[in-house]
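Trainee: This is work-v1.txt (compact mmCIF, C-alpha atoms).
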```txt
# COMPACT_ATOMS: atom_id res chain seq x y z
CA MET A 1 0.00 0.00 0.00
CA THR A 2 1.35 3.43 -1.00
CA GLU A 3 1.95 5.69 2.02
CA VAL A 4 0.35 9.14 2.06
CA PHE A 5 1.08 12.00 4.46
CA THR A 6 -2.00 13.88 5.68
CA GLY A 7 -0.43 16.66 7.79
CA ASN A 8 -0.56 20.41 7.17
CA PHE A 9 2.72 22.13 6.28
CA THR A 10 1.52 25.57 7.42
CA GLN A 11 -0.21 24.66 10.70
CA GLN A 12 1.72 25.90 13.71
CA GLU A 13 1.38 24.73 17.29
CA PRO A 14 -1.10 26.52 19.57
CA LEU A 15 0.39 29.25 21.72
CA PRO A 16 1.42 28.10 25.21
CA GLU A 17 -1.00 28.64 28.08
CA ALA A 18 1.32 31.20 29.63
CA ALA A 19 1.06 33.28 26.45
CA LEU A 20 -2.74 33.12 26.54
CA GLU A 21 -2.78 34.22 30.16
CA ALA A 22 -0.40 37.10 29.43
CA ALA A 23 -2.52 38.18 26.47
CA MET A 24 -5.68 38.17 28.58
CA ALA A 25 -4.00 40.31 31.23
CA VAL A 26 -3.18 42.95 28.58
CA LEU A 27 -6.67 42.77 27.09
CA ARG A 28 -8.22 43.20 30.52
CA HIS A 29 -6.28 46.36 31.37
CA GLY A 30 -6.48 47.69 27.79
CA ARG A 31 -3.03 49.33 27.66
CA LEU A 32 -2.02 47.90 24.29
CA HIS A 33 0.16 50.79 23.09
CA ARG A 34 3.74 50.39 24.27
CA TYR A 35 3.82 53.88 25.80
CA ASN A 36 0.41 53.65 27.48
CA LEU A 37 1.64 52.70 30.96
CA LYS A 38 0.77 53.26 34.59
CA PRO A 39 3.31 55.11 36.75
CA GLY A 40 6.19 52.77 37.47
CA GLU A 41 5.03 50.15 34.94
CA LEU A 42 7.62 48.88 32.45
CA GLY A 43 5.17 47.36 29.99
CA GLU A 44 5.34 44.12 28.04
CA VAL A 45 7.32 45.54 25.11
CA ALA A 46 10.06 47.00 27.27
CA LEU A 47 10.29 43.74 29.21
CA LEU A 48 10.51 41.70 26.01
CA GLU A 49 13.30 43.97 24.74
CA GLN A 50 15.28 43.48 27.94
CA GLU A 51 14.78 39.71 27.86
CA PHE A 52 15.66 39.31 24.18
CA ALA A 53 18.76 41.48 24.56
CA ALA A 54 19.87 39.18 27.36
CA PHE A 55 19.02 36.09 25.30
CA VAL A 56 21.38 37.06 22.45
CA GLY A 57 23.89 38.97 24.58
CA ALA A 58 23.25 42.42 23.10
CA LYS A 59 23.32 45.80 24.83
CA TYR A 60 20.26 47.21 23.11
CA CYS A 61 17.02 45.86 21.65
CA LEU A 62 14.02 47.37 19.88
CA ALA A 63 10.75 45.50 19.27
CA THR A 64 9.11 46.35 15.96
CA ALA A 65 5.92 45.76 14.02
CA SER A 66 7.52 43.21 11.69
CA GLY A 67 10.82 41.70 10.69
CA GLY A 68 10.73 43.75 7.51
CA SER A 69 10.24 46.97 9.47
CA ALA A 70 13.21 46.04 11.65
CA ILE A 71 15.38 45.69 8.53
CA GLY A 72 14.17 49.02 7.17
CA LEU A 73 14.90 50.76 10.47
CA ALA A 74 18.33 49.13 10.63
CA LEU A 75 19.28 50.26 7.12
CA ARG A 76 18.27 53.83 7.87
CA ALA A 77 19.98 53.76 11.26
CA VAL A 78 23.34 52.70 9.76
CA GLY A 79 23.09 55.54 7.26
CA VAL A 80 21.77 54.01 4.03
CA LYS A 81 20.34 56.79 1.86
CA PRO A 82 18.52 57.00 -1.49
CA GLY A 83 20.87 56.16 -4.32
CA ASP A 84 23.25 54.10 -2.18
CA ARG A 85 24.17 50.56 -3.16
CA VAL A 86 23.70 47.76 -0.64
CA LEU A 87 25.20 44.28 -0.95
CA THR A 88 22.97 41.29 -0.27
CA ASN A 89 23.01 37.60 -1.10
CA ALA A 90 21.02 36.54 -4.14
CA PHE A 91 19.32 33.64 -2.32
CA THR A 92 16.87 35.33 0.03
CA LEU A 93 13.20 36.29 0.23
CA ALA A 94 11.49 39.37 -1.18
CA PRO A 95 11.39 41.46 2.04
CA VAL A 96 15.20 41.72 2.01
CA PRO A 97 15.73 43.45 -1.36
CA GLY A 98 12.36 45.08 -0.74
CA ALA A 99 13.72 46.80 2.37
CA ILE A 100 16.70 48.05 0.37
CA ALA A 101 14.46 49.40 -2.38
CA ALA A 102 12.10 50.96 0.17
CA VAL A 103 14.84 53.32 1.36
CA GLY A 104 15.61 54.24 -2.27
CA ALA A 105 18.82 52.21 -2.38
CA GLU A 106 19.97 49.65 -4.96
CA PRO A 107 20.58 45.97 -4.14
CA VAL A 108 23.87 44.53 -5.36
CA PHE A 109 23.40 40.78 -5.44
CA VAL A 110 26.18 38.44 -4.37
CA GLU A 111 26.39 34.84 -5.58
CA VAL A 112 25.47 31.93 -3.31
CA THR A 113 27.09 28.51 -2.98
CA ASP A 114 25.50 25.07 -3.06
CA GLY A 115 25.77 25.22 0.73
CA LEU A 116 23.06 27.90 0.39
CA VAL A 117 25.21 30.65 1.90
CA ILE A 118 26.71 33.81 0.47
CA ASP A 119 29.75 33.17 -1.73
CA LEU A 120 32.58 34.81 0.20
CA ASP A 121 34.88 34.99 -2.82
CA ASP A 122 32.23 36.90 -4.76
CA LEU A 123 31.60 39.07 -1.71
CA ALA A 124 35.30 39.91 -1.51
CA ALA A 125 35.24 40.87 -5.21
CA LYS A 126 32.21 43.14 -4.76
CA ALA A 127 32.93 44.55 -1.30
CA GLY A 128 34.22 47.83 -2.71
CA GLU A 129 30.90 48.52 -4.45
CA ALA A 130 28.90 49.39 -1.33
CA GLY A 131 29.23 50.51 2.26
CA VAL A 132 26.65 48.13 3.73
CA LEU A 133 25.99 44.39 3.48
CA LEU A 134 22.48 43.18 4.31
CA LEU A 135 23.33 39.55 5.02
CA SER A 136 20.40 37.14 4.88
CA HIS A 137 20.86 33.87 6.76
CA MET A 138 18.38 32.41 4.35
CA ARG A 139 16.50 29.30 5.54
CA GLY A 140 18.78 29.19 8.57
CA HIS A 141 22.08 28.56 6.75
CA ILE A 142 25.02 30.46 8.27
CA CYS A 143 28.25 31.12 6.37
CA ASP A 144 31.77 31.34 7.83
CA MET A 145 31.11 34.48 9.85
CA GLY A 146 34.76 34.92 10.81
CA ARG A 147 35.86 35.20 7.20
CA LEU A 148 32.84 37.30 6.26
CA MET A 149 33.65 39.85 8.94
CA GLU A 150 37.31 39.92 7.88
CA ILE A 151 36.23 40.76 4.32
CA CYS A 152 33.77 43.43 5.42
CA ASP A 153 36.04 45.01 8.01
CA ALA A 154 38.88 45.26 5.47
CA ALA A 155 36.56 46.99 2.98
CA ASN A 156 34.88 49.17 5.65
CA VAL A 157 31.49 47.52 4.98
CA THR A 158 28.88 47.69 7.75
CA VAL A 159 27.08 44.38 8.24
CA VAL A 160 23.33 44.22 8.94
CA GLU A 161 22.19 40.64 9.64
CA ASP A 162 18.76 39.35 8.65
CA CYS A 163 18.21 36.59 11.22
CA ALA A 164 14.58 35.82 10.42
CA HIS A 165 15.48 32.12 10.09
CA THR A 166 18.29 31.94 12.66
CA MET A 167 16.77 33.14 15.92
CA GLY A 168 18.39 30.87 18.49
CA ALA A 169 21.13 29.63 16.15
CA THR A 170 24.87 30.13 16.70
CA TRP A 171 28.11 30.17 14.72
CA GLU A 172 31.09 28.90 16.74
CA GLY A 173 29.06 29.53 19.87
CA VAL A 174 28.21 33.14 19.03
CA PRO A 175 24.47 33.82 18.71
CA SER A 176 23.33 34.58 15.17
CA GLY A 177 23.10 38.33 14.74
CA ARG A 178 26.01 39.16 17.04
CA HIS A 179 28.74 39.48 14.41
CA GLY A 180 27.52 42.52 12.51
CA ALA A 181 26.68 46.05 13.63
CA VAL A 182 22.97 45.33 13.91
CA ALA A 183 20.69 42.31 13.55
CA CYS A 184 17.02 41.89 12.74
CA TYR A 185 14.69 39.02 13.68
CA SER A 186 11.12 38.14 12.78
CA THR A 187 8.27 36.89 14.94
CA GLN A 188 5.90 36.32 12.03
CA THR A 189 3.79 33.18 12.41
CA TYR A 190 6.14 30.86 10.48
CA LYS A 191 9.29 31.91 12.34
CA HIS A 192 10.69 30.63 15.65
CA MET A 193 8.37 32.69 17.84
CA ASN A 194 4.84 33.50 16.76
CA SER A 195 3.09 36.85 17.23
CA GLY A 196 1.40 36.90 13.82
CA GLU A 197 3.63 39.78 12.77
CA GLY A 198 6.51 41.32 14.68
CA GLY A 199 10.23 41.84 14.77
CA LEU A 200 13.24 42.59 16.94
CA LEU A 201 16.39 44.62 16.32
CA VAL A 202 19.56 44.31 18.40
CA THR A 203 22.87 46.16 18.44
CA ASP A 204 25.73 47.13 20.72
CA ASP A 205 26.11 50.51 19.01
CA GLU A 206 24.44 53.24 21.06
CA ASP A 207 23.98 55.59 18.10
CA ILE A 208 22.39 52.91 15.91
CA ALA A 209 20.12 51.96 18.81
CA ALA A 210 19.02 55.54 19.47
CA LYS A 211 18.39 56.23 15.78
CA ALA A 212 16.33 53.05 15.41
CA VAL A 213 14.18 53.91 18.44
CA LEU A 214 13.55 57.42 17.12
CA LEU A 215 12.78 56.14 13.64
CA SER A 216 10.37 53.57 15.06
CA GLY A 217 8.15 56.33 16.47
CA SER A 218 9.23 57.10 20.01
CA TYR A 219 7.26 60.39 20.12
CA MET A 220 9.93 61.69 22.49
CA LEU A 221 9.13 58.89 24.93
CA TYR A 222 12.46 57.14 24.48
CA GLU A 223 13.07 57.18 28.22
CA ARG A 224 10.50 54.37 28.43
CA HIS A 225 12.84 52.12 26.43
CA LYS A 226 14.92 50.25 29.00
CA ALA A 227 17.06 48.19 26.60
CA ALA A 228 18.29 51.45 25.08
CA PRO A 229 21.09 54.00 25.53
CA GLY A 230 20.91 57.06 27.76
CA ALA A 231 19.12 60.32 27.06
CA GLU A 232 22.37 62.02 26.03
CA VAL A 233 22.65 59.68 23.03
CA PHE A 234 19.09 60.42 21.93
CA ALA A 235 19.84 64.13 22.23
CA ARG A 236 22.44 63.77 19.47
CA HIS A 237 19.88 62.44 16.99
CA ARG A 238 16.34 63.36 18.02
CA MET A 239 16.04 66.36 15.69
CA GLU A 240 17.43 64.52 12.67
CA MET A 241 15.56 61.21 12.60
CA PRO A 242 12.19 61.14 10.81
CA ASN A 243 9.37 59.31 12.57
CA ILE A 244 8.38 56.47 10.24
CA SER A 245 6.70 54.32 12.90
CA GLY A 246 6.97 50.59 13.31
CA ARG A 247 6.39 49.85 16.98
CA MET A 248 5.39 46.55 18.55
CA ASP A 249 2.39 46.64 20.89
CA ASN A 250 2.03 45.18 24.38
CA LEU A 251 -0.30 42.40 23.25
CA ARG A 252 2.20 40.88 20.87
CA ALA A 253 5.05 41.33 23.32
CA ALA A 254 3.00 39.61 26.02
CA ILE A 255 2.54 36.45 23.95
CA LEU A 256 6.19 36.44 22.86
CA ARG A 257 7.78 36.54 26.31
CA PRO A 258 6.66 33.01 27.31
CA GLN A 259 7.73 31.73 23.89
CA LEU A 260 11.21 33.19 24.35
CA ALA A 261 11.55 31.28 27.61
CA GLU A 262 10.63 28.06 25.75
CA LEU A 263 12.79 28.69 22.66
CA PRO A 264 15.77 26.43 23.57
CA ARG A 265 13.40 23.48 24.08
CA GLN A 266 11.63 24.24 20.81
CA ILE A 267 14.93 24.37 18.94
CA ALA A 268 15.79 20.87 20.15
CA ARG A 269 12.42 19.64 18.90
CA TRP A 270 12.89 21.25 15.47
CA ASN A 271 16.34 19.78 15.09
CA ALA A 272 15.14 16.28 15.96
CA ARG A 273 12.61 16.55 13.13
CA TYR A 274 15.21 17.96 10.75
CA ARG A 275 17.61 15.10 11.47
CA ALA A 276 14.84 12.53 10.96
CA VAL A 277 14.14 13.87 7.46
CA GLU A 278 17.83 14.37 6.66
CA GLU A 279 18.69 10.81 7.63
CA GLY A 280 15.75 9.44 5.70
CA ILE A 281 16.65 11.14 2.41
CA ARG A 282 20.42 10.81 2.63
CA GLY A 283 21.78 8.54 -0.06
CA THR A 284 18.76 8.93 -2.37
CA PRO A 285 19.98 8.60 -5.98
CA GLY A 286 20.03 12.03 -7.65
CA LEU A 287 19.46 13.92 -4.38
CA THR A 288 22.14 15.97 -2.60
CA VAL A 289 21.78 16.70 1.10
CA VAL A 290 22.96 20.18 2.14
CA GLU A 291 25.64 19.39 4.71
CA ARG A 292 25.74 21.57 7.83
CA PRO A 293 29.21 22.67 9.09
CA ASP A 294 30.32 21.70 12.58
CA GLN A 295 30.66 25.37 13.58
CA GLU A 296 26.96 25.94 12.99
CA HIS A 297 24.28 25.20 15.56
CA PHE A 298 21.21 25.70 13.41
CA VAL A 299 17.46 25.70 13.96
CA GLY A 300 15.88 23.11 11.67
CA SER A 301 12.49 24.73 11.13
CA SER A 302 12.81 23.94 7.41
CA ILE A 303 14.97 21.64 5.31
CA GLN A 304 16.47 22.00 1.85
CA PHE A 305 18.02 19.57 -0.61
CA LEU A 306 19.35 19.80 -4.16
CA LEU A 307 18.48 18.00 -7.37
CA LYS A 308 21.70 18.99 -9.10
CA GLY A 309 21.63 19.08 -12.86
CA TRP A 310 17.97 18.14 -13.13
CA GLY A 311 15.87 19.73 -15.84
CA ALA A 312 12.73 21.70 -15.06
CA GLY A 313 10.47 18.92 -16.32
CA ALA A 314 11.99 16.30 -14.01
CA VAL A 315 11.88 18.67 -11.03
CA GLY A 316 8.25 19.44 -11.79
CA GLU A 317 7.47 15.73 -11.85
CA VAL A 318 9.01 15.28 -8.38
CA LEU A 319 6.92 18.18 -7.07
CA GLU A 320 3.75 16.72 -8.52
CA ARG A 321 4.39 13.16 -7.38
CA CYS A 322 5.26 14.22 -3.82
CA LEU A 323 2.23 16.51 -3.61
CA LYS A 324 -0.07 13.65 -4.64
CA ARG A 325 1.24 11.82 -1.59
CA GLY A 326 0.72 14.82 0.69
CA VAL A 327 4.27 16.21 0.77
CA GLU A 328 4.42 19.89 -0.16
CA LEU A 329 7.82 20.85 -1.56
CA LYS A 330 8.78 24.32 -2.77
CA TRP A 331 11.11 24.95 -5.72
CA PHE A 332 13.25 28.05 -6.11
CA GLY A 333 14.07 27.40 -9.76
CA GLY A 334 10.73 28.17 -11.37
CA PRO A 335 10.33 30.84 -14.06
CA ASP A 336 7.66 32.62 -11.99
CA PRO A 337 7.29 33.19 -8.24
CA VAL A 338 5.07 30.48 -6.73
CA GLY A 339 4.37 29.75 -3.06
CA PHE A 340 6.66 32.46 -1.63
CA THR A 341 9.65 31.16 -3.57
CA SER A 342 10.45 34.29 -5.54
CA ARG A 343 14.13 34.75 -6.34
CA TYR A 344 16.42 37.57 -7.39
CA ALA A 345 15.53 37.39 -11.11
CA HIS A 346 11.87 38.08 -10.28
CA TRP A 347 12.51 41.38 -8.47
CA ARG A 348 12.58 43.70 -11.47
CA TYR A 349 12.70 46.81 -9.29
CA ALA A 350 16.14 45.61 -8.21
CA ALA A 351 17.68 45.44 -11.73
CA PRO A 352 18.77 41.81 -11.30
CA PRO A 353 22.08 40.80 -12.91
CA GLU A 354 23.05 37.50 -14.49
CA LEU A 355 24.30 35.20 -11.73
CA GLU A 356 25.20 31.91 -13.36
CA GLN A 357 26.36 30.16 -10.20
CA THR A 358 23.28 31.16 -8.21
CA ASP A 359 20.98 30.16 -11.07
CA GLY A 360 22.63 26.75 -11.11
CA VAL A 361 22.02 26.29 -7.38
CA LEU A 362 18.43 27.53 -7.39
CA SER A 363 17.49 25.48 -10.45
CA GLY A 364 17.64 22.34 -8.31
CA LEU A 365 16.80 23.74 -4.87
CA MET A 366 13.93 22.10 -3.00
CA ASP A 367 12.57 23.53 0.22
CA MET A 368 10.18 22.19 2.86
CA ARG A 369 8.78 23.52 6.14
CA LEU A 370 9.03 21.42 9.29
CA PRO A 371 6.38 22.71 11.71
CA LEU A 372 6.40 21.39 15.24
CA THR A 373 2.94 19.97 14.66
CA PHE A 374 4.77 17.13 12.85
CA SER A 375 5.88 14.16 14.94
CA ILE A 376 9.17 12.32 14.42
CA ALA A 377 7.15 9.51 12.81
CA ASP A 378 5.61 12.07 10.44
CA CYS A 379 9.07 13.24 9.44
CA GLU A 380 10.23 9.70 8.82
CA LEU A 381 7.18 9.11 6.62
CA ILE A 382 7.81 12.34 4.69
CA ALA A 383 11.40 11.25 4.10
CA ARG A 384 10.29 7.86 2.77
CA ILE A 385 7.92 9.56 0.32
CA ILE A 386 10.59 11.98 -0.92
CA ARG A 387 13.11 9.17 -1.24
CA ALA A 388 10.70 7.01 -3.23
CA GLU A 389 9.50 9.72 -5.59
CA VAL A 390 12.89 11.31 -6.25
CA GLY A 391 14.32 7.85 -6.81
CA ALA A 392 11.55 6.91 -9.23
CA VAL A 393 11.99 10.03 -11.34
CA PHE A 394 15.76 9.73 -11.27
CA GLN A 395 15.65 6.16 -12.55
CA ALA A 396 13.30 7.18 -15.36
CA ARG A 397 15.42 10.12 -16.52
```
As structure tokens, what does this structure read like?

Mentor:
Amino acid sequence: MTEVFTGNFTQQEPLPEAALEAAMAVLRHGRLHRYNLKPGELGEVALLEQEFAAFVGAKYCLATASGGSAIGLALRAVGVKPGDRVLTNAFTLAPVPGAIAAVGAEPVFVEVTDGLVIDLDDLAAKAGEAGVLLLSHMRGHICDMGRLMEICDAANVTVVEDCAHTMGATWEGVPSGRHGAVACYSTQTYKHMNSGEGGLLVTDDEDIAAKAVLLSGSYMLYERHKAAPGAEVFARHRMEMPNISGRMDNLRAAILRPQLAELPRQIARWNARYRAVEEGIRGTPGLTVVERPDQEHFVGSSIQFLLKGWGAGAVGEVLERCLKRGVELKWFGGPDPVGFTSRYAHWRYAAPPELEQTDGVLSGLMDMRLPLTFSIADCELIARIIRAEVGAVFQAR
């Protein structure tokens, strides 16, 4: 009998009871706006900022309305202006080049490797073309951050890290987001903490922190930000930073704080599921597993593999055959954006170049979510289905 998977690839776990209780407390008192506080009250957003700063080991933290808004604030805070060029890896999702374009700047795409990380040789060749690198740790894959920082420091390039897929991950023991000048995280539903929409920005630079708070819409209430620099730092910038808004509210912060406390346990659960799928598909004829370096402690909330050298027709057949058996794979090599898999060539506002190496990688790149609603047995079943269908198409090629 042919096995079929019946799970839902977009269904997340319910929020923990502690998050529901915290949400109800905010709803009962009605002080949803981050600055609407009683005398002596810190508020949920300020508490979340303190706790997340401690979690990643940063001096300063700002909670934002979305991960994309955090990136936009970060770019402005490090000085990106209209007409500037900003480096970014070509394998990422639309909000990353979108944030660059939104400030009137121009993305300069850097090649990616078949390890799904930025190509550091290409970065070194292009480092002189821009003053900022917006580094996307796409799908949780982290490059050699030591070498990347050497390249960027030598070229005087400021690094902004997009850690939407690496919250809780580390490189050589250093939390993701703590190598560059500023890092941005997402708490959108499909990320590692779920507030529907939301984001977090961290930095050790007091001027970047103050600028980001002012940009986010402090309305001169920056003294209510506790994971922030002193008033004298805000005084240097308060008349120069436009208010573009992008604040998180107390309701979202309230439901995130219990999730942050649970994040290490959740990471272990994700990685157990990742390893179950990885082990199950390893050795499949025609399929290449993306090997993870020893220096990387990742969060396996999704998994990727490569069908190297496969034509579009054969890849399409794998997608169709797996879907008939309930396994929803995404493909980054399609001619048109489908299922949130748009790639650099689709973003016409960004004047995409020809990137032969990246095109070769993406042409065979398969991607799959691993929600925590899946059991280990589910993941083993999914792996058997992928192994069978990839193997069948490969043998028929």

Trainee: How far is it from atom CA of A:Val103 to atom CA of A:Phe91, in Å with one decimal?

Mentor: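 The value is 20.5 Å.
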
Trainee: Would you mind telling me which residue in A:Val132, A:Ala254, A:Val182, A:Ala345 lies nearest to A:Gly43 when using all atoms listed in the file?

Mentor: A:Ala254

Trainee: How far is it from atom CA of A:Arg384 to atom CA of A:Ile281, in Å with one decimal?

Mentor: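 Separating atom CA of A:Arg384 from atom CA of A:Ile281 is a distance of 7.2 Å.
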
Trainee: Please measure the separation of atom CA of A:Ala125 and atom CA of A:Met167, giving the value in Å to one decimal.

Mentor: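 Spanning atom CA of A:Ala125 to atom CA of A:Met167 is a straight-line distance of 29.1 Å.
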
Trainee: Counting only C-alpha atoms, which residue out of A:Lys38, A:Lys308, A:His165, A:His29 sits closest to A:Gly360?

Mentor: A:Lys308

Trainee: Show me as a ChimeraX atom specification the residues that reach within 12 Å of (23.5, 23.4, 8.6), counting only C-alpha atoms and using the file's own coordinates.

Mentor: /A:114-117,137-144,165-166,169-171,271,274-275,278,289-305

Trainee: Could you name the residues that touch A:Ile382 at 10 Å or less, counting all atoms listed in the file, but leaving out those on the same chain fewer than 2 positions away, as a ChimeraX atom specification?

Mentor: /A:3-7,276-277,280-281,322,325-328,374,376-380,384-388

Trainee: Closest to A:Leu256 among A:Val160, A:Ala63, A:Leu27, A:Leu215, using all atoms listed in the file?

Mentor: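 Of A:Val160, A:Ala63, A:Leu27, A:Leu215, the one nearest A:Leu256, counting all atoms listed in the file, is A:Ala63.
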
Trainee: With all atoms listed in the file as the counted atoms, please give the residues lying no more than 10 Å from A:Thr341, apart from itself and same-chain residues fewer than 6 positions off, as a ChimeraX atom specification.

Mentor: /A:92-94,330-334,367

Trainee: Of the candidates A:Ala181, A:Ala102, A:Leu372, A:Val318, which shows the shortest atom-to-atom distance to A:Pro82, using all atoms listed in the file?

Mentor: A:Ala102

Trainee: A:Gly311, A:Ala54, A:Asp204, A:Ser195: which is nearest A:Pro14, counting only C-alpha atoms?

Mentor: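 Nearest to A:Pro14: A:Ser195.
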
Trainee: Tell me which of A:Leu381, A:Leu133, A:Leu123, A:Leu32 sits closest to A:Gly180, counting only C-alpha atoms.

Mentor: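 Closest to A:Gly180 of all the choices is A:Leu133.
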
Trainee: Name the residues in contact with A:Leu260 at a cut-off of 12 Å, using only C-alpha atoms, excluding same-chain residues fewer than 6 positions from it; report them as JSON, numbers by chain.

Mentor: {"A": [15, 16, 18, 19, 47, 48, 49, 50, 51, 52, 53, 54, 55, 56, 167, 168, 187, 192, 193, 194, 195, 253, 254, 266, 267]}

Trainee: Do a neighbour search on A:Thr10 at 8 Å with only C-alpha atoms, toss out local chain neighbours closer than 3 positions, and write the hits as a list in words.

Mentor: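 The residues satisfying every condition are Tyr190, Arg369 and Pro371 of chain A.
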
Trainee: Can you tell me which residues surround A:Tyr35 at a distance of at most 12 Å, considering all atoms listed in the file, apart from same-chain residues fewer than 3 positions away, and format the answer as a compact mmCIF listing (two decimals) with C-alpha atoms, in the frame of the given file?

Mentor:
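File produced: out_26.txt:
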```txt
# COMPACT_ATOMS: atom_id res chain seq x y z
CA ARG A 31 -3.03 49.33 27.66
CA LEU A 32 -2.02 47.90 24.29
CA LYS A 38 0.77 53.26 34.59
CA PRO A 39 3.31 55.11 36.75
CA GLY A 40 6.19 52.77 37.47
CA GLU A 41 5.03 50.15 34.94
CA LEU A 42 7.62 48.88 32.45
CA GLY A 43 5.17 47.36 29.99
CA GLU A 44 5.34 44.12 28.04
CA VAL A 45 7.32 45.54 25.11
CA ALA A 46 10.06 47.00 27.27
CA GLY A 217 8.15 56.33 16.47
CA SER A 218 9.23 57.10 20.01
CA TYR A 219 7.26 60.39 20.12
CA MET A 220 9.93 61.69 22.49
CA LEU A 221 9.13 58.89 24.93
CA TYR A 222 12.46 57.14 24.48
CA GLU A 223 13.07 57.18 28.22
CA ARG A 224 10.50 54.37 28.43
CA HIS A 225 12.84 52.12 26.43
CA ARG A 247 6.39 49.85 16.98
CA MET A 248 5.39 46.55 18.55
CA ASP A 249 2.39 46.64 20.89
CA ASN A 250 2.03 45.18 24.38
```

Trainee: List as a list in words: which residues have an atom within 8 Å of (20.4, 45.7, -6.5), counting all atoms listed in the file?

Mentor: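 Residues satisfying the cut-off, written out: Arg85, Val86, Leu87, Pro97, Ala105, Glu106, Pro107, Val108, Phe109, Ala350, Ala351 and Pro352 of chain A.
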